Every structure is written in structure tokens, then in C-alpha cells.
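Colleague: One file is attached below, start_23.csv, containing CSV, C-alpha atoms and all ligand atoms.
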```csv
chain,number,residue,atom,x,y,z
A,1,PRO,CA,3.1,41.8,-60.3
A,2,ILE,CA,2.4,44.5,-57.8
A,3,THR,CA,-1.0,46.2,-57.8
A,4,PRO,CA,-0.3,49.9,-57.2
A,5,THR,CA,-2.3,51.8,-54.6
A,6,SER,CA,-2.4,55.6,-54.3
A,7,LYS,CA,0.3,56.7,-51.9
A,8,ILE,CA,3.6,55.5,-50.6
A,9,TRP,CA,5.0,56.8,-47.3
A,10,MET,CA,8.6,58.1,-47.7
A,11,ASN,CA,10.4,59.7,-44.7
A,12,GLY,CA,7.2,61.1,-43.3
A,13,GLU,CA,5.7,62.3,-46.6
A,14,LEU,CA,2.9,60.8,-48.6
A,15,VAL,CA,4.2,60.5,-52.2
A,16,ASP,CA,2.2,59.5,-55.3
A,17,TRP,CA,2.9,55.8,-56.0
A,18,ASP,CA,4.6,56.5,-59.4
A,19,ASP,CA,6.8,59.3,-57.9
A,20,ALA,CA,8.3,57.1,-55.1
A,21,GLN,CA,11.7,56.8,-56.7
A,22,VAL,CA,15.4,56.6,-55.7
A,23,HIS,CA,18.5,57.5,-57.7
A,24,VAL,CA,20.3,54.7,-59.7
A,25,LEU,CA,23.4,55.3,-57.6
A,26,ASN,CA,21.6,54.6,-54.4
A,27,PRO,CA,24.1,52.5,-52.4
A,28,SER,CA,21.5,50.0,-51.1
A,29,LEU,CA,20.7,49.1,-54.7
A,30,HIS,CA,24.4,48.3,-55.3
A,31,TYR,CA,25.3,46.5,-52.2
A,32,GLY,CA,22.1,45.3,-50.6
A,33,TRP,CA,22.5,47.2,-47.3
A,34,GLY,CA,19.0,47.6,-46.1
A,35,VAL,CA,16.4,46.0,-43.8
A,36,PHE,CA,12.8,45.4,-44.3
A,37,GLU,CA,9.6,43.7,-43.2
A,38,GLY,CA,6.8,41.8,-44.8
A,39,ILE,CA,3.5,42.2,-42.9
A,40,ARG,CA,-0.2,41.5,-43.7
A,41,ALA,CA,-3.4,43.3,-42.8
A,42,TYR,CA,-6.7,41.4,-42.8
A,43,ALA,CA,-10.3,42.5,-43.1
A,44,THR,CA,-12.0,41.9,-39.7
A,45,SER,CA,-15.5,42.7,-38.4
A,46,SER,CA,-14.0,45.9,-36.9
A,47,GLY,CA,-12.3,46.9,-40.1
A,48,SER,CA,-8.7,46.4,-41.3
A,49,ALA,CA,-6.4,45.0,-38.7
A,50,VAL,CA,-2.6,44.5,-39.1
A,51,PHE,CA,-1.4,41.1,-37.9
A,52,ARG,CA,1.2,41.5,-35.1
A,53,LEU,CA,2.3,44.9,-36.4
A,54,THR,CA,4.1,45.8,-33.2
A,55,ASP,CA,6.1,42.5,-33.4
A,56,HIS,CA,7.0,43.1,-37.0
A,57,ILE,CA,8.2,46.6,-36.4
A,58,ALA,CA,10.2,45.5,-33.4
A,59,ARG,CA,11.9,42.9,-35.7
A,60,LEU,CA,12.5,45.7,-38.2
A,61,TYR,CA,14.4,47.8,-35.6
A,62,ARG,CA,16.4,44.7,-34.4
A,63,SER,CA,17.4,44.2,-38.0
A,64,ALA,CA,18.3,47.9,-38.2
A,65,LYS,CA,20.4,47.6,-35.1
A,66,ILE,CA,22.4,44.7,-36.5
A,67,TYR,CA,23.2,46.8,-39.6
A,68,MET,CA,23.8,50.0,-37.5
A,69,MET,CA,21.1,52.0,-39.2
A,70,GLU,CA,19.3,54.5,-37.0
A,71,PRO,CA,16.1,55.8,-38.6
A,72,ALA,CA,14.9,59.3,-37.7
A,73,PHE,CA,11.5,57.8,-36.8
A,74,SER,CA,10.6,55.8,-33.7
A,75,PRO,CA,9.0,52.3,-33.9
A,76,GLU,CA,5.7,54.0,-32.6
A,77,GLU,CA,5.8,56.5,-35.4
A,78,ILE,CA,6.3,53.7,-38.0
A,79,ILE,CA,3.4,51.8,-36.5
A,80,GLN,CA,1.2,54.8,-36.7
A,81,ALA,CA,2.4,55.7,-40.2
A,82,THR,CA,1.6,52.1,-41.4
A,83,LYS,CA,-2.0,52.3,-40.0
A,84,ASP,CA,-2.5,55.8,-41.5
A,85,LEU,CA,-1.2,54.6,-44.9
A,86,ILE,CA,-3.7,51.7,-45.0
A,87,VAL,CA,-6.5,54.2,-44.2
A,88,GLU,CA,-5.2,56.7,-46.8
A,89,ASN,CA,-5.1,54.0,-49.5
A,90,ASP,CA,-8.5,52.7,-48.6
A,91,VAL,CA,-7.3,49.0,-48.6
A,92,GLN,CA,-8.5,46.4,-46.1
A,93,ALA,CA,-6.6,43.2,-46.6
A,94,CYS,CA,-3.1,44.0,-47.9
A,95,TYR,CA,0.6,43.3,-47.8
A,96,ILE,CA,2.8,45.9,-46.1
A,97,ARG,CA,6.4,46.5,-47.0
A,98,PRO,CA,8.4,48.9,-44.8
A,99,LEU,CA,12.1,49.3,-45.9
A,100,ILE,CA,15.0,51.1,-44.2
A,101,TYR,CA,17.7,51.9,-46.7
A,102,LEU,CA,20.6,54.2,-47.4
A,103,GLY,CA,20.2,57.6,-49.0
A,104,TYR,CA,22.0,58.7,-52.2
A,105,GLY,CA,25.4,60.3,-51.8
A,106,GLU,CA,28.1,57.8,-50.8
A,107,ILE,CA,29.1,54.8,-53.0
A,108,GLY,CA,32.0,53.3,-51.0
A,109,LEU,CA,31.5,50.0,-49.1
A,110,ASN,CA,31.3,51.8,-45.7
A,111,PRO,CA,27.6,52.5,-45.3
A,112,LEU,CA,28.0,54.6,-42.1
A,113,PRO,CA,28.2,58.1,-43.7
A,114,SER,CA,25.0,57.6,-45.6
A,115,SER,CA,21.7,59.1,-44.6
A,116,ILE,CA,19.0,56.6,-43.4
A,117,GLU,CA,15.8,56.6,-45.4
A,118,VAL,CA,12.5,54.9,-44.5
A,119,MET,CA,9.6,54.0,-46.8
A,120,ILE,CA,6.3,52.0,-46.4
A,121,ALA,CA,4.1,50.7,-49.2
A,122,VAL,CA,0.9,48.8,-49.0
A,123,TRP,CA,-1.0,46.9,-51.7
A,124,PRO,CA,-3.4,44.0,-52.1
A,125,TRP,CA,-1.5,40.7,-52.5
A,126,GLY,CA,-3.1,37.3,-52.7
A,127,SER,CA,-1.7,33.8,-52.3
A,128,TYR,CA,2.2,33.6,-52.5
A,129,LEU,CA,2.8,30.0,-53.3
A,130,GLY,CA,-0.3,29.6,-55.4
A,131,GLU,CA,-3.8,28.3,-54.7
A,132,ASP,CA,-2.9,24.8,-55.8
A,133,ALA,CA,-0.1,24.6,-53.3
A,134,GLU,CA,-2.4,26.0,-50.6
A,135,ARG,CA,-5.1,23.5,-51.3
A,136,ASN,CA,-3.1,20.4,-52.2
A,137,GLY,CA,0.3,21.0,-50.7
A,138,ALA,CA,3.5,22.4,-52.1
A,139,ARG,CA,6.2,20.3,-53.9
A,140,ALA,CA,9.4,21.2,-52.1
A,141,THR,CA,13.1,20.3,-52.7
A,142,ILE,CA,16.2,20.5,-50.5
A,143,SER,CA,18.3,23.1,-52.2
A,144,THR,CA,22.0,22.7,-52.9
A,145,TRP,CA,22.3,26.4,-51.9
A,146,ARG,CA,22.9,26.7,-48.2
A,147,ARG,CA,21.5,29.3,-46.0
A,148,ASN,CA,23.8,32.1,-44.7
A,149,ASP,CA,25.1,31.5,-41.2
A,150,ALA,CA,25.4,34.0,-38.4
A,151,ASN,CA,29.0,34.7,-39.3
A,152,ILE,CA,28.4,35.3,-43.0
A,153,ILE,CA,25.1,37.2,-43.3
A,154,PRO,CA,23.2,37.1,-40.0
A,155,PRO,CA,19.9,35.3,-40.4
A,156,ALA,CA,18.7,37.2,-37.3
A,157,ALA,CA,18.2,40.3,-39.5
A,158,LYS,CA,15.8,40.6,-42.4
A,159,ALA,CA,18.3,42.3,-44.7
A,160,THR,CA,17.7,43.1,-48.4
A,161,GLY,CA,21.0,41.7,-49.6
A,162,GLN,CA,20.6,38.3,-47.9
A,163,TYR,CA,17.7,37.5,-50.2
A,164,ILE,CA,20.0,36.9,-53.1
A,165,ASN,CA,20.7,33.6,-51.2
A,166,SER,CA,17.0,32.9,-50.9
A,167,SER,CA,16.4,33.8,-54.6
A,168,LEU,CA,19.2,31.5,-55.8
A,169,ALA,CA,17.5,28.6,-54.0
A,170,LYS,CA,14.0,29.6,-55.2
A,171,VAL,CA,15.0,29.9,-58.8
A,172,ALA,CA,16.8,26.5,-58.8
A,173,ALA,CA,13.7,24.9,-57.2
A,174,ILE,CA,11.3,26.5,-59.8
A,175,LYS,CA,13.6,25.5,-62.7
A,176,ALA,CA,13.7,22.0,-61.5
A,177,GLY,CA,9.9,21.9,-61.4
A,178,TYR,CA,9.2,22.4,-57.6
A,179,ASP,CA,7.2,25.1,-55.9
A,180,GLU,CA,9.7,25.9,-53.1
A,181,ALA,CA,13.2,25.4,-51.8
A,182,ILE,CA,14.2,24.3,-48.4
A,183,MET,CA,17.7,25.4,-47.4
A,184,THR,CA,20.1,23.8,-44.9
A,185,SER,CA,22.5,25.3,-42.4
A,186,PRO,CA,26.3,25.0,-43.0
A,187,ASN,CA,26.3,21.9,-40.8
A,188,GLY,CA,23.6,20.3,-42.8
A,189,HIS,CA,20.5,20.8,-40.6
A,190,ILE,CA,17.3,22.0,-42.2
A,191,ALA,CA,17.1,25.7,-41.7
A,192,ASP,CA,14.4,27.5,-43.6
A,193,GLY,CA,12.4,27.8,-46.8
A,194,SER,CA,13.4,30.6,-49.2
A,195,GLY,CA,10.8,32.9,-47.6
A,196,GLU,CA,9.1,30.7,-45.1
A,197,ASN,CA,9.8,28.7,-41.9
A,198,VAL,CA,9.5,24.9,-42.0
A,199,PHE,CA,7.6,22.6,-39.6
A,200,ILE,CA,7.2,18.9,-39.4
A,201,VAL,CA,4.6,16.9,-37.5
A,202,SER,CA,5.4,13.6,-36.0
A,203,GLY,CA,2.6,12.0,-33.9
A,204,ARG,CA,1.7,14.7,-31.4
A,205,LYS,CA,4.9,16.6,-31.9
A,206,VAL,CA,5.2,19.8,-33.9
A,207,ILE,CA,8.8,20.4,-34.6
A,208,THR,CA,10.7,23.4,-36.2
A,209,PRO,CA,14.4,24.1,-36.5
A,210,PRO,CA,16.0,26.2,-33.6
A,211,LEU,CA,17.1,29.7,-34.5
A,212,SER,CA,20.7,28.5,-34.1
A,213,ASP,CA,20.3,26.6,-37.3
A,214,GLY,CA,19.6,29.9,-39.1
A,215,PRO,CA,15.9,30.2,-39.8
A,216,LEU,CA,14.5,33.7,-39.6
A,217,GLY,CA,12.6,34.1,-36.3
A,218,GLY,CA,9.3,34.2,-38.1
A,219,ILE,CA,6.3,35.8,-36.6
A,220,THR,CA,4.0,33.3,-38.2
A,221,ARG,CA,6.3,30.6,-36.8
A,222,ALA,CA,5.9,32.1,-33.3
A,223,SER,CA,2.1,32.3,-33.8
A,224,VAL,CA,1.9,28.6,-35.0
A,225,MET,CA,4.0,27.5,-32.1
A,226,GLN,CA,1.6,29.2,-29.7
A,227,ILE,CA,-1.5,27.8,-31.5
A,228,ALA,CA,0.0,24.3,-31.6
A,229,ALA,CA,0.8,24.4,-27.9
A,230,ASP,CA,-2.7,25.7,-27.1
A,231,GLN,CA,-4.1,22.7,-29.0
A,232,GLY,CA,-2.1,20.4,-26.8
A,233,TYR,CA,0.7,19.4,-29.1
A,234,GLU,CA,4.2,19.1,-27.9
A,235,VAL,CA,6.1,21.9,-29.6
A,236,LEU,CA,9.8,21.5,-30.1
A,237,GLU,CA,12.6,23.6,-31.6
A,238,GLN,CA,14.9,20.7,-32.6
A,239,HIS,CA,17.5,20.0,-35.3
A,240,ILE,CA,16.0,18.3,-38.3
A,241,VAL,CA,17.7,16.7,-41.3
A,242,ARG,CA,16.3,16.0,-44.7
A,243,THR,CA,15.2,12.5,-44.0
A,244,ASP,CA,13.1,13.8,-41.1
A,245,LEU,CA,11.1,15.7,-43.8
A,246,TYR,CA,10.9,12.6,-46.0
A,247,LEU,CA,9.6,10.5,-43.1
A,248,ALA,CA,7.4,13.0,-41.2
A,249,ASP,CA,3.6,12.5,-40.9
A,250,GLU,CA,3.1,16.0,-42.1
A,251,ALA,CA,5.1,19.1,-43.0
A,252,PHE,CA,4.2,22.7,-43.7
A,253,PHE,CA,5.6,26.2,-44.4
A,254,THR,CA,4.8,29.3,-42.4
A,255,GLY,CA,5.3,32.9,-43.4
A,256,THR,CA,3.6,36.2,-43.7
A,257,ALA,CA,3.3,36.1,-47.5
A,258,ALA,CA,2.7,32.4,-47.8
A,259,GLU,CA,0.7,32.1,-44.5
A,260,ILE,CA,0.5,28.3,-43.8
A,261,VAL,CA,1.1,26.0,-46.8
A,262,PRO,CA,1.1,22.2,-46.5
A,263,ILE,CA,4.1,20.4,-47.9
A,264,ALA,CA,2.9,17.5,-50.1
A,265,SER,CA,6.3,16.2,-51.0
A,266,VAL,CA,10.0,16.8,-50.5
A,267,ASP,CA,12.4,15.7,-53.2
A,268,ASP,CA,9.6,13.7,-54.7
A,269,ARG,CA,9.0,11.7,-51.6
A,270,PRO,CA,5.3,12.2,-50.5
A,271,VAL,CA,5.2,13.5,-46.9
A,272,GLY,CA,2.8,11.3,-45.1
A,273,ALA,CA,-0.1,10.6,-47.4
A,274,GLY,CA,1.2,13.3,-49.8
A,275,ARG,CA,-1.8,15.5,-49.0
A,276,PRO,CA,-2.5,18.2,-46.4
A,277,GLY,CA,-2.7,16.4,-43.1
A,278,PRO,CA,-5.2,16.8,-40.2
A,279,VAL,CA,-2.8,18.6,-37.8
A,280,THR,CA,-1.7,21.1,-40.6
A,281,LYS,CA,-5.4,21.7,-41.4
A,282,GLU,CA,-6.3,22.2,-37.7
A,283,ILE,CA,-3.5,24.8,-37.2
A,284,LEU,CA,-4.2,26.4,-40.5
A,285,ASP,CA,-7.9,26.9,-39.8
A,286,ILE,CA,-7.2,28.4,-36.4
A,287,PHE,CA,-4.5,30.7,-37.9
A,288,HIS,CA,-7.0,31.9,-40.5
A,289,GLN,CA,-9.6,32.7,-37.9
A,290,ALA,CA,-7.0,34.4,-35.8
A,291,THR,CA,-5.8,36.7,-38.6
A,292,ARG,CA,-9.4,37.7,-39.3
A,293,GLY,CA,-10.0,38.6,-35.7
A,294,GLU,CA,-12.5,35.8,-35.1
A,295,LEU,CA,-10.8,34.3,-32.0
A,296,ASP,CA,-10.9,36.2,-28.6
A,297,ARG,CA,-7.9,34.1,-27.5
A,298,TYR,CA,-5.6,35.8,-30.1
A,299,LYS,CA,-7.2,39.2,-30.2
A,300,ASP,CA,-4.0,40.9,-29.2
A,301,TRP,CA,-2.6,39.9,-32.6
A,302,ASN,CA,-5.1,42.1,-34.5
A,303,GLU,CA,-4.0,45.7,-34.5
A,304,SER,CA,-6.8,47.8,-35.9
A,305,VAL,CA,-5.8,50.6,-38.2
A,306,ARG,CA,-8.4,53.0,-36.7
B,401,LIG,N1,12.1,32.7,-43.4
B,401,LIG,C1,12.5,33.6,-44.3
B,401,LIG,C2,13.8,33.4,-45.0
B,401,LIG,C3,11.6,34.6,-44.6
B,401,LIG,O1,11.9,35.5,-45.6
B,401,LIG,C4,10.4,34.7,-44.0
B,401,LIG,C5,9.4,35.9,-44.3
B,401,LIG,N2,9.7,37.0,-43.6
B,401,LIG,C6,10.1,33.8,-43.0
B,401,LIG,C7,10.9,32.8,-42.7
B,401,LIG,C8,8.8,33.9,-42.2
B,401,LIG,O2,8.7,35.0,-41.3
B,401,LIG,P1,7.4,35.7,-41.0
B,401,LIG,O3,6.5,34.6,-40.5
B,401,LIG,O4,7.7,36.6,-39.9
B,401,LIG,O5,6.9,36.3,-42.2
```
Once you've parsed the file, please lay out its structure as C-alpha cells.
Modeller:
Amino acid sequence: PITPTSKIWMNGELVDWDDAQVHVLNPSLHYGWGVFEGIRAYATSSGSAVFRLTDHIARLYRSAKIYMMEPAFSPEEIIQATKDLIVENDVQACYIRPLIYLGYGEIGLNPLPSSIEVMIAVWPWGSYLGEDAERNGARATISTWRRNDANIIPPAAKATGQYINSSLAKVAAIKAGYDEAIMTSPNGHIADGSGENVFIVSGRKVITPPLSDGPLGGITRASVMQIAADQGYEVLEQHIVRTDLYLADEAFFTGTAAEIVPIASVDDRPVGAGRPGPVTKEILDIFHQATRGELDRYKDWNESVR
């Protein structure tokens, strides 16, 4: 459940949390035409700092471009509004959810006549896949639900409606007793988790699917690729198939909500020793220090709210 904070930013106004409402005939609710971001801020020694906020807002505007939505606010204004909202709500570590959606008024399938609305909410949000999965590794399964491809619902955008695909996979995985689903591309390559990118480790190689196989271009993914390269690993964007996961030395998920979560097993085959491996732990430790502003090398990733 969401833990409410005091205010939500709606189109430039600070609105009381409980009053941040839309009409039931809002077209984005009916057809899923909207774009959003998931971002985290962390407590650092110099106060709250948003992890790669500028990169997240740039992706938000790329998503908006794909869906032909032109907000009345610039990316710089949304960045500032996000920081101000964190200060206003007096939260340090928090999850941040900006959403660009259609305004009330039209209900046909052409979204273009609708007004474009923007909201931002922030609230404290802990572990996404659960502390057990974080500590001992997640139990993953390859979903029978395939991930959308670029000519169906483009994975280059983070659009609201596309998440019914992720949710179908997530629900099926949970019902079958797993923690998380891994989806394949239409040609059968491993693409993405339901809300995370996927990596495997094989010797000194750290491998993740290329964007052409349909994963979201994750910002945690990019951060992990940078960290792994800086640690001397060979980082590859390469097709992987399900047996590569079964036979990998290690595997892990990356994402803003999940952060980095080791994968203990895939379809009941233990990955490596079936426990979080040394490379995963090494990268995870550095990532945690980076998000908390403890590493000079990655200081640019910490965008202070004040
Ligand atoms: N894949 C999917 C499908 C996602 O929803 C997310 C979360 N935004 C990710 C990957 C990870 O992206 P990021 O690291 O930017 O949060």
C-alpha cells in the first residue's frame, strides 16, 4: 500500500494528497494512454538526493514524444518541481512518480484533442521484491506472456497501458509461487522482468539483453553497466535465451523500485549455487554506496533537492 505524504504536484499546483483526483471518464483511465517514471531519492550526507533525476525526466519526455504528448512544462520545470515537492513533503528517501496523462473531455480513441496533464507524487517506499528476495535471491520464472515488441506497444516508452502486459506476467508468476516473471521477445530471446531489467554473469562477463530485444532502457541497467565496466568486467549487450539463465554463474534484476536483486533460481533451476553470487554482491554494494552519495566517482548521479 502507498504511504500518503502531504502534497501532490498537479499542473503546477500543490494539492492536498486526498484531493488529487481525476474524473472517472478520464480517457487515460480507459485506454492507458499516458507516460510515467519511477524514480528514487536517497538520504545522503548532504540531504535528500534524487538518483539520476535528469536522466529519468529525459526518458519521460522521450516517452511523451513517442505518444505525441506535449506537456506545458519543460523538463527543467519538472526537475525543479520534483525537488521542491520532496522538500515540501519533508521526506528524505522516497519513491517519485511523475505521470503525464490526458485530461477529461474526450472519450474517442484519438487522444490528440485531449489536454495534457502532469502530476508528481512522492512517498516513502521500501523493498519492492521483498527483503527475503533481496537477501537470498528471487525465484524467477520465464513467463508464457511475451513482452510487447516495437511494432505493438513500443518498449522504448514507459507508457501506462503497456504495464497490463507486465502485470499479466507478474500475476501468473505470483500465482505459480514465484517472486518475479521474466518475459521473452516475440523471437524468443530474454527481454525483461515485469518491472526490472535482467543480467547474467558468466565468468568475467556481465551480459544483458540488447534494447532491440525489447527491454526498457533502464537507468539502473545503465548504472550497473557503468559500475561493472569500471570494476573490470566485460559488459555485453547480447541476446540471451532461457537456458543461458539456467546455466549462468549468477543472475540479477535491476530497476528503480527493485534496485538490484539477485536471482536465486529460474524455473526451479538454481542459478549457480542458488545464492547471491560474488559479482552480484560486488556490484550491489557499489550501487548502494553510489545511490547514497558515498562514492565520488558517481557523484553526478546524486541530484540534491536543495
Ligand atoms: N523494465 C521494465 C519493464 C520496467 O518497468 C523498469 C522500471 N522502470 C525497468 C526495466 C528498470 O528501469 P529503471 O532502472 O530505469 O527503473
Colleague: CA of Gly274 (chain A) and CA of Ala133 (chain A), how far apart in Å?
Modeller: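 Separation of CA of Ala133 (chain A) and CA of Gly274 (chain A): 11.9 Å.
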Colleague: Take the point (4.2, 41.8, -35.7) in the file's coordinates, draw a sphere of radius 10 Å around it, and report as a list in words every protein, DNA or RNA residue with an atom inside or on it, counting all atoms listed in the file.
Modeller: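 These residues have at least one counted atom within 10 Å: Glu37, Gly38, Ile39, Arg40, Val50, Phe51, Arg52, Leu53, Thr54, Asp55, His56, Ile57, Ala58, Arg59, Leu60, Gly218, Ile219, Thr220, Ser223, Thr256, Trp301, Asn302 and Glu303 of chain A.
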Colleague: Take the residues from that selection and write them out as a short mmCIF file (atom, residue, chain, number, x, y, z; two decimals), keeping the file's coordinate frame, keeping C-alpha atoms.
Modeller:
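Output below, filename result.cif:
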```
data_model
loop_
_atom_site.label_atom_id
_atom_site.label_comp_id
_atom_site.auth_asym_id
_atom_site.auth_seq_id
_atom_site.Cartn_x
_atom_site.Cartn_y
_atom_site.Cartn_z
CA GLU A 37 9.60 43.70 -43.20
CA GLY A 38 6.80 41.80 -44.80
CA ILE A 39 3.50 42.20 -42.90
CA ARG A 40 -0.20 41.50 -43.70
CA VAL A 50 -2.60 44.50 -39.10
CA PHE A 51 -1.40 41.10 -37.90
CA ARG A 52 1.20 41.50 -35.10
CA LEU A 53 2.30 44.90 -36.40
CA THR A 54 4.10 45.80 -33.20
CA ASP A 55 6.10 42.50 -33.40
CA HIS A 56 7.00 43.10 -37.00
CA ILE A 57 8.20 46.60 -36.40
CA ALA A 58 10.20 45.50 -33.40
CA ARG A 59 11.90 42.90 -35.70
CA LEU A 60 12.50 45.70 -38.20
CA GLY A 218 9.30 34.20 -38.10
CA ILE A 219 6.30 35.80 -36.60
CA THR A 220 4.00 33.30 -38.20
CA SER A 223 2.10 32.30 -33.80
CA THR A 256 3.60 36.20 -43.70
CA TRP A 301 -2.60 39.90 -32.60
CA ASN A 302 -5.10 42.10 -34.50
CA GLU A 303 -4.00 45.70 -34.50
#
```
Colleague: If we count all atoms listed in the file, what is near Glu88 (chain A) at a cut-off of 12 Å, once residues fewer than 6 positions away on the same chain are taken out, given as number ranges by chain?
Modeller: A: 5-9, 14-16, 81-82, 121-123, 305-306
Colleague: Go through A:Ile164, A:Ile240, A:Ile207, A:Ala159 and flag the residue nearest Ser194 (chain A), using all atoms listed in the file for the distances.
Modeller: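 Looking at the shortest contact to Ser194 (chain A), the residue is A:Ile164.
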Colleague: Would you mind listing, for every residue of chain A within 10 Å of ligand LIG 401 (chain B), the two atoms forming the shortest contact and the distance between them in Å to one decimal, using only C-alpha atoms and all ligand atoms, sorted by chain and ascending residue number, as a Markdown table?
Modeller:
```
| residue | atom | partner | partner_atom | distance |
| --- | --- | --- | --- | --- |
| A:Phe36 | CA | B:LIG401 | N2 | 9.0 |
| A:Glu37 | CA | B:LIG401 | N2 | 6.7 |
| A:Gly38 | CA | B:LIG401 | N2 | 5.7 |
| A:Ile39 | CA | B:LIG401 | O5 | 6.8 |
| A:Arg40 | CA | B:LIG401 | O5 | 8.9 |
| A:Arg52 | CA | B:LIG401 | O4 | 9.4 |
| A:Asp55 | CA | B:LIG401 | O4 | 8.9 |
| A:His56 | CA | B:LIG401 | O4 | 7.2 |
| A:Arg59 | CA | B:LIG401 | O4 | 8.7 |
| A:Arg147 | CA | B:LIG401 | C2 | 8.8 |
| A:Pro155 | CA | B:LIG401 | C2 | 7.9 |
| A:Ala156 | CA | B:LIG401 | C2 | 9.9 |
| A:Ala157 | CA | B:LIG401 | C2 | 9.9 |
| A:Lys158 | CA | B:LIG401 | O1 | 7.2 |
| A:Ala159 | CA | B:LIG401 | O1 | 9.4 |
| A:Thr160 | CA | B:LIG401 | O1 | 10.0 |
| A:Gln162 | CA | B:LIG401 | C2 | 8.9 |
| A:Tyr163 | CA | B:LIG401 | O1 | 7.7 |
| A:Asn165 | CA | B:LIG401 | C2 | 9.3 |
| A:Ser166 | CA | B:LIG401 | C2 | 6.7 |
| A:Ser167 | CA | B:LIG401 | C2 | 10.0 |
| A:Ile182 | CA | B:LIG401 | C2 | 9.7 |
| A:Met183 | CA | B:LIG401 | C2 | 9.2 |
| A:Ala191 | CA | B:LIG401 | N1 | 8.8 |
| A:Asp192 | CA | B:LIG401 | N1 | 5.7 |
| A:Gly193 | CA | B:LIG401 | N1 | 6.0 |
| A:Ser194 | CA | B:LIG401 | C2 | 5.1 |
| A:Gly195 | CA | B:LIG401 | O1 | 3.5 |
| A:Glu196 | CA | B:LIG401 | C7 | 3.7 |
| A:Asn197 | CA | B:LIG401 | C7 | 4.3 |
| A:Val198 | CA | B:LIG401 | C7 | 8.1 |
| A:Gly214 | CA | B:LIG401 | C2 | 9.0 |
| A:Pro215 | CA | B:LIG401 | N1 | 5.8 |
| A:Leu216 | CA | B:LIG401 | N1 | 4.6 |
| A:Gly217 | CA | B:LIG401 | O2 | 6.4 |
| A:Gly218 | CA | B:LIG401 | O2 | 3.4 |
| A:Ile219 | CA | B:LIG401 | O4 | 3.7 |
| A:Thr220 | CA | B:LIG401 | O3 | 3.6 |
| A:Arg221 | CA | B:LIG401 | O3 | 5.5 |
| A:Ala222 | CA | B:LIG401 | O3 | 7.6 |
| A:Ser223 | CA | B:LIG401 | O3 | 8.3 |
| A:Val224 | CA | B:LIG401 | O3 | 9.3 |
| A:Phe253 | CA | B:LIG401 | C8 | 8.6 |
| A:Thr254 | CA | B:LIG401 | O3 | 5.9 |
| A:Gly255 | CA | B:LIG401 | O3 | 3.6 |
| A:Thr256 | CA | B:LIG401 | O5 | 3.6 |
| A:Ala257 | CA | B:LIG401 | O5 | 6.4 |
| A:Ala258 | CA | B:LIG401 | O5 | 8.0 |
| A:Glu259 | CA | B:LIG401 | O3 | 7.5 |
| A:Ile260 | CA | B:LIG401 | O3 | 9.3 |
```
Colleague: Next, dump the selected residues to file, keeping only C-alpha atoms, as a short mmCIF file (atom, residue, chain, number, x, y, z; two decimals), keeping the file's coordinate frame.
Modeller:
```cif
data_model
loop_
_atom_site.label_atom_id
_atom_site.label_comp_id
_atom_site.auth_asym_id
_atom_site.auth_seq_id
_atom_site.Cartn_x
_atom_site.Cartn_y
_atom_site.Cartn_z
CA PHE A 36 12.80 45.40 -44.30
CA GLU A 37 9.60 43.70 -43.20
CA GLY A 38 6.80 41.80 -44.80
CA ILE A 39 3.50 42.20 -42.90
CA ARG A 40 -0.20 41.50 -43.70
CA ARG A 52 1.20 41.50 -35.10
CA ASP A 55 6.10 42.50 -33.40
CA HIS A 56 7.00 43.10 -37.00
CA ARG A 59 11.90 42.90 -35.70
CA ARG A 147 21.50 29.30 -46.00
CA PRO A 155 19.90 35.30 -40.40
CA ALA A 156 18.70 37.20 -37.30
CA ALA A 157 18.20 40.30 -39.50
CA LYS A 158 15.80 40.60 -42.40
CA ALA A 159 18.30 42.30 -44.70
CA THR A 160 17.70 43.10 -48.40
CA GLN A 162 20.60 38.30 -47.90
CA TYR A 163 17.70 37.50 -50.20
CA ASN A 165 20.70 33.60 -51.20
CA SER A 166 17.00 32.90 -50.90
CA SER A 167 16.40 33.80 -54.60
CA ILE A 182 14.20 24.30 -48.40
CA MET A 183 17.70 25.40 -47.40
CA ALA A 191 17.10 25.70 -41.70
CA ASP A 192 14.40 27.50 -43.60
CA GLY A 193 12.40 27.80 -46.80
CA SER A 194 13.40 30.60 -49.20
CA GLY A 195 10.80 32.90 -47.60
CA GLU A 196 9.10 30.70 -45.10
CA ASN A 197 9.80 28.70 -41.90
CA VAL A 198 9.50 24.90 -42.00
CA GLY A 214 19.60 29.90 -39.10
CA PRO A 215 15.90 30.20 -39.80
CA LEU A 216 14.50 33.70 -39.60
CA GLY A 217 12.60 34.10 -36.30
CA GLY A 218 9.30 34.20 -38.10
CA ILE A 219 6.30 35.80 -36.60
CA THR A 220 4.00 33.30 -38.20
CA ARG A 221 6.30 30.60 -36.80
CA ALA A 222 5.90 32.10 -33.30
CA SER A 223 2.10 32.30 -33.80
CA VAL A 224 1.90 28.60 -35.00
CA PHE A 253 5.60 26.20 -44.40
CA THR A 254 4.80 29.30 -42.40
CA GLY A 255 5.30 32.90 -43.40
CA THR A 256 3.60 36.20 -43.70
CA ALA A 257 3.30 36.10 -47.50
CA ALA A 258 2.70 32.40 -47.80
CA GLU A 259 0.70 32.10 -44.50
CA ILE A 260 0.50 28.30 -43.80
#
```
Colleague: Hey, which of A:Leu29, A:Ala49, A:Val91, A:Ile116 ends up closest to Tyr67 (chain A)? Count only C-alpha atoms.
Modeller: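 That would be A:Ile116, the residue with the smallest distance to Tyr67 (chain A).
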Colleague: Between CA of Ala41 (chain A) and CA of Asn11 (chain A), what distance in Å does the model show, to one decimal?
Modeller: 21.5 Å
Colleague: Can you work out the spacing between CA of Ile283 (chain A) and CA of Gly188 (chain A) in Å, to one decimal?
Modeller: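 Computing the Euclidean distance for CA of Ile283 (chain A) and CA of Gly188 (chain A) yields 28.0 Å.
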Colleague: With all atoms listed in the file as the basis for distance, which of A:Arg242, A:Glu13, A:Leu102, A:Gly130 is at the shortest distance from Ser28 (chain A)?
Modeller: A:Leu102
Colleague: Using all atoms listed in the file, pick whichever of A:Val118, A:Ile200, A:Asp285, A:Ala43 has the shortest atom-to-atom distance to Pro75 (chain A).
Modeller: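 Of A:Val118, A:Ile200, A:Asp285, A:Ala43, the one nearest Pro75 (chain A), counting all atoms listed in the file, is A:Val118.
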Colleague: Do you know which residues are at most 8 Å from Leu236 (chain A) counting all atoms listed in the file, after dropping those on the same chain fewer than 5 positions away, and could you put them as a list in words?
Modeller: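 What passes the distance filter is Lys205, Val206, Ile207 and Thr208 of chain A.
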Colleague: Taking into account all atoms listed in the file, which residue in the set A:Pro186, A:Pro4, A:Gly137, A:Pro276 is nearest to Asn89 (chain A)?
Modeller: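 Once distances to Asn89 (chain A) are computed over all atoms listed in the file, the minimum belongs to A:Pro4.
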Colleague: For Ser114 (chain A), which of A:Ala229, A:Met69, A:Val35, A:Ala176 is the closest residue, counting all atoms listed in the file?
Modeller: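 Nearest to Ser114 (chain A): A:Met69.
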